[in-house]
Amino acid sequence: MDEHRWLAERFEAHRAHLRAVAFRMLGSVGEAEDAVQEAWLHLSRADATGVENLGGWLTTVVARVCLDMLRSRKARREEPMAAPDPAADREAGTDPEREAVLADSVGLALLVVLDTLTPAERLAFVLHDLFAVPFEEIATIVGRSPAAARQLASRARRRVQGAPPSPDADVGRQREVVDAFLAAMRGGDFDALVSILDPDVVLRGDATAAPPAGIELRGARACAKRALSGARGAKLARPALVDGAVGVVLAPRGRLFRVLRFTLAQGKIAQIDVMGDPEQLRDLDLSALDDGPRAEN
């Protein structure tokens with residue numbers, strides 16, 4: 001067997017692990033595949049004969065590639081991000097539904113919270129808490145001391161595991177209303193949606209949340225109609241605590257997540273804020289909730 005084929009077989013034995021690391025780092029199937037491919041290019045150009053722990057070596061390479069991608073992504077986010085175009089995704093070979101299913105298996109709320117971390121915090125948390133990489137190795141990747149790497153992971157852990165407020169009747173009632181909202185969306189029940197919404201409900205979306213993108217709608221019927229236009233995404237939506245109140249995390253398109261924050265008045269939804277701006281999401285206090293009953297598809 002020639003050396004290139006032998007090296008390729010050893011790499012393939014680690015591909016699934018590398019893809020898992022990259023996906024949790026990046027939250028995108030397409031970008032994770034790119035990062036894994038970049039790791040293969042590094043390996044094919046390097047002299048790996050003296051590498052005793054090839055899996056650890058490749059994990060470090062993938063982590064460095066992901067860190068660079070996260071930092072580049074953060075720099076790009078200094079300017080408003082355009083709303084994702086499903087047609088463009090299909091042309092580029094990106095499958096939003098596949099990404100949503102994979103995100104669902106990982107934990108959608110977890111991926112959203114991870115997206116609020118700094119690149120170094122995310123790397124430290126993912127590598128240490130999810131893949132048991134020692135802080136000494138993480139430190140060399142982020143260019144800091146092991147103690148500083150430990151602090152990065154600790155800060156990230158506090159965000160990810162942020163203790164939700166003690167359950168009370170108000171949160172319980174909010175959950176009932178939000179569950180009814182999701183059930184109506186999933187079932188395409190226009191009248192049920194209207195009954196849950198305050199007659200003067202206001203729906204607002206930021207510039208990156210689609211739909212709607214940077215617009216404002218008023219009235220139960222108009223907002224219900226808009227909500228039903230996103231019914232496909234509702235099938236993979238999950239309830240979450242958003243700044244201490246019950247809200248919803250919607251399935252991603254590409255790597256853009258959306259969060260719905262509700263304001264209730266007299267048992268009805270009086271305001272819906274649809275948020276997808278990464279900077280805005282970073283400022284939210286998000287905690288996952290156990291998923292309730294879901295409509296059959």
# chains A, B, ... in the order shown; residues from 1 in each chain; ligands from 1
>>> closest_atom_pairs(of="region 112-183 of chain A", to="region 13-23 of chain A", cutoff="9 Å", atoms="only C-alpha atoms", output="Markdown table")
| residue | atom | partner | partner_atom | distance |
| --- | --- | --- | --- | --- |
| A:Val126 | CA | A:Val21 | CA | 7.5 |
| A:Leu127 | CA | A:Val21 | CA | 7.5 |
| A:Leu130 | CA | A:Val21 | CA | 8.6 |
| A:Phe131 | CA | A:Val21 | CA | 7.7 |
>>> write_last_selection(atoms="N, CA and C atoms", output="PDB file, in the first residue's frame")
ATOM      1  N   VAL A 126     -16.082  23.856  23.886  1.00  0.00           N
ATOM      2  CA  VAL A 126     -16.356  22.690  23.046  1.00  0.00           C
ATOM      3  C   VAL A 126     -15.281  21.630  23.220  1.00  0.00           C
ATOM      4  N   LEU A 127     -14.020  22.031  23.126  1.00  0.00           N
ATOM      5  CA  LEU A 127     -12.942  21.050  23.209  1.00  0.00           C
ATOM      6  C   LEU A 127     -12.863  20.399  24.583  1.00  0.00           C
ATOM      7  N   LEU A 130     -16.993  19.141  25.893  1.00  0.00           N
ATOM      8  CA  LEU A 130     -17.668  18.182  25.019  1.00  0.00           C
ATOM      9  C   LEU A 130     -16.752  17.079  24.510  1.00  0.00           C
ATOM     10  N   PHE A 131     -15.421  17.350  24.437  1.00  0.00           N
ATOM     11  CA  PHE A 131     -14.501  16.353  23.884  1.00  0.00           C
ATOM     12  C   PHE A 131     -13.303  16.059  24.793  1.00  0.00           C
TER      13      PHE A 131
END
>>> residues_around(residues="region 167-182 of chain A", least_positions_apart="2", cutoff="6 Å", atoms="only C-alpha atoms", output="number ranges by chain")
A: 184-185, 246
>>> write_last_selection(atoms="all heavy atoms", output="PDB file, in the first residue's frame")
ATOM      1  N   ALA A 184     -50.191  25.529  16.951  1.00  0.00           N
ATOM      2  CA  ALA A 184     -51.001  26.133  15.883  1.00  0.00           C
ATOM      3  C   ALA A 184     -50.171  26.347  14.630  1.00  0.00           C
ATOM      4  O   ALA A 184     -50.645  26.125  13.506  1.00  0.00           O
ATOM      5  CB  ALA A 184     -51.596  27.454  16.374  1.00  0.00           C
ATOM      6  N   MET A 185     -48.905  26.788  14.797  1.00  0.00           N
ATOM      7  CA  MET A 185     -48.033  26.962  13.636  1.00  0.00           C
ATOM      8  C   MET A 185     -47.780  25.641  12.936  1.00  0.00           C
ATOM      9  O   MET A 185     -47.890  25.528  11.711  1.00  0.00           O
ATOM     10  CB  MET A 185     -46.699  27.585  14.066  1.00  0.00           C
ATOM     11  CG  MET A 185     -46.734  29.078  14.323  1.00  0.00           C
ATOM     12  SD  MET A 185     -45.061  29.730  14.623  1.00  0.00           S
ATOM     13  CE  MET A 185     -44.289  29.510  13.024  1.00  0.00           C
ATOM     14  N   VAL A 246     -40.504  32.716  28.628  1.00  0.00           N
ATOM     15  CA  VAL A 246     -40.558  31.611  27.688  1.00  0.00           C
ATOM     16  C   VAL A 246     -40.612  32.145  26.257  1.00  0.00           C
ATOM     17  O   VAL A 246     -41.461  32.974  25.916  1.00  0.00           O
ATOM     18  CB  VAL A 246     -41.777  30.706  27.957  1.00  0.00           C
ATOM     19  CG1 VAL A 246     -41.803  29.547  26.956  1.00  0.00           C
ATOM     20  CG2 VAL A 246     -41.727  30.158  29.376  1.00  0.00           C
TER      21      VAL A 246
END
>>> closest_residue(among="A:Arg186, A:Arg282, A:Lys225, A:Arg261", to="Ala237 (chain A)", atoms="only C-alpha atoms")
A:Arg186
>>> closest_residue(among="A:Gln280, A:Gln161, A:Thr263, A:Gln151", to="Asp115 (chain A)", atoms="only C-alpha atoms")
A:Gln280
>>> residues_around(residues="Lys268 (chain A)", least_positions_apart="3", cutoff="7 Å", atoms="only C-alpha atoms", output="list in words")
Ile196, Leu197, Asp198, Leu264 and Ala265 of chain A
>>> write_last_selection(atoms="N, CA, C and O atoms", output="mmCIF file, in the first residue's frame")
data_model
loop_
_atom_site.group_PDB
_atom_site.id
_atom_site.type_symbol
_atom_site.label_atom_id
_atom_site.label_comp_id
_atom_site.auth_asym_id
_atom_site.auth_seq_id
_atom_site.Cartn_x
_atom_site.Cartn_y
_atom_site.Cartn_z
ATOM 1 N N ILE A 196 -54.771 33.066 20.007
ATOM 2 C CA ILE A 196 -53.681 33.169 20.987
ATOM 3 C C ILE A 196 -53.104 34.577 21.020
ATOM 4 O O ILE A 196 -52.541 35.009 22.025
ATOM 5 N N LEU A 197 -53.243 35.303 19.912
ATOM 6 C CA LEU A 197 -52.645 36.623 19.783
ATOM 7 C C LEU A 197 -53.594 37.712 20.276
ATOM 8 O O LEU A 197 -54.808 37.649 20.062
ATOM 9 N N ASP A 198 -53.006 38.723 20.916
ATOM 10 C CA ASP A 198 -53.773 39.908 21.275
ATOM 11 C C ASP A 198 -54.235 40.606 19.990
ATOM 12 O O ASP A 198 -53.495 40.623 18.997
ATOM 13 N N LEU A 264 -46.290 38.806 26.857
ATOM 14 C CA LEU A 264 -47.675 38.407 27.068
ATOM 15 C C LEU A 264 -48.430 39.466 27.865
ATOM 16 O O LEU A 264 -47.851 40.145 28.728
ATOM 17 N N ALA A 265 -49.698 39.596 27.570
ATOM 18 C CA ALA A 265 -50.586 40.495 28.312
ATOM 19 C C ALA A 265 -51.948 39.822 28.422
ATOM 20 O O ALA A 265 -52.544 39.458 27.401
#
>>> select_by_dssp(residues="region 164-289 of chain A", states="helix (DSSP H, G or I)", output="ChimeraX atom specification")
/A:169-187,190-196,220-229,231-234,278-282
>>> residues_around(residues="Pro134 (chain A)", least_positions_apart="6", cutoff="10 Å", atoms="only C-alpha atoms", output="PyMOL selection string")
chain A and resi 124+127-128+146+149-150
>>> residues_around(residues="Val160 (chain A)", least_positions_apart="5", cutoff="8 Å", atoms="only C-alpha atoms", output="PyMOL selection string")
chain A and resi 110+113-114+286-287
>>> closest_residue(among="A:Leu217, A:Val274, A:Val62, A:Leu289", to="Leu250 (chain A)", atoms="only C-alpha atoms")
A:Val274
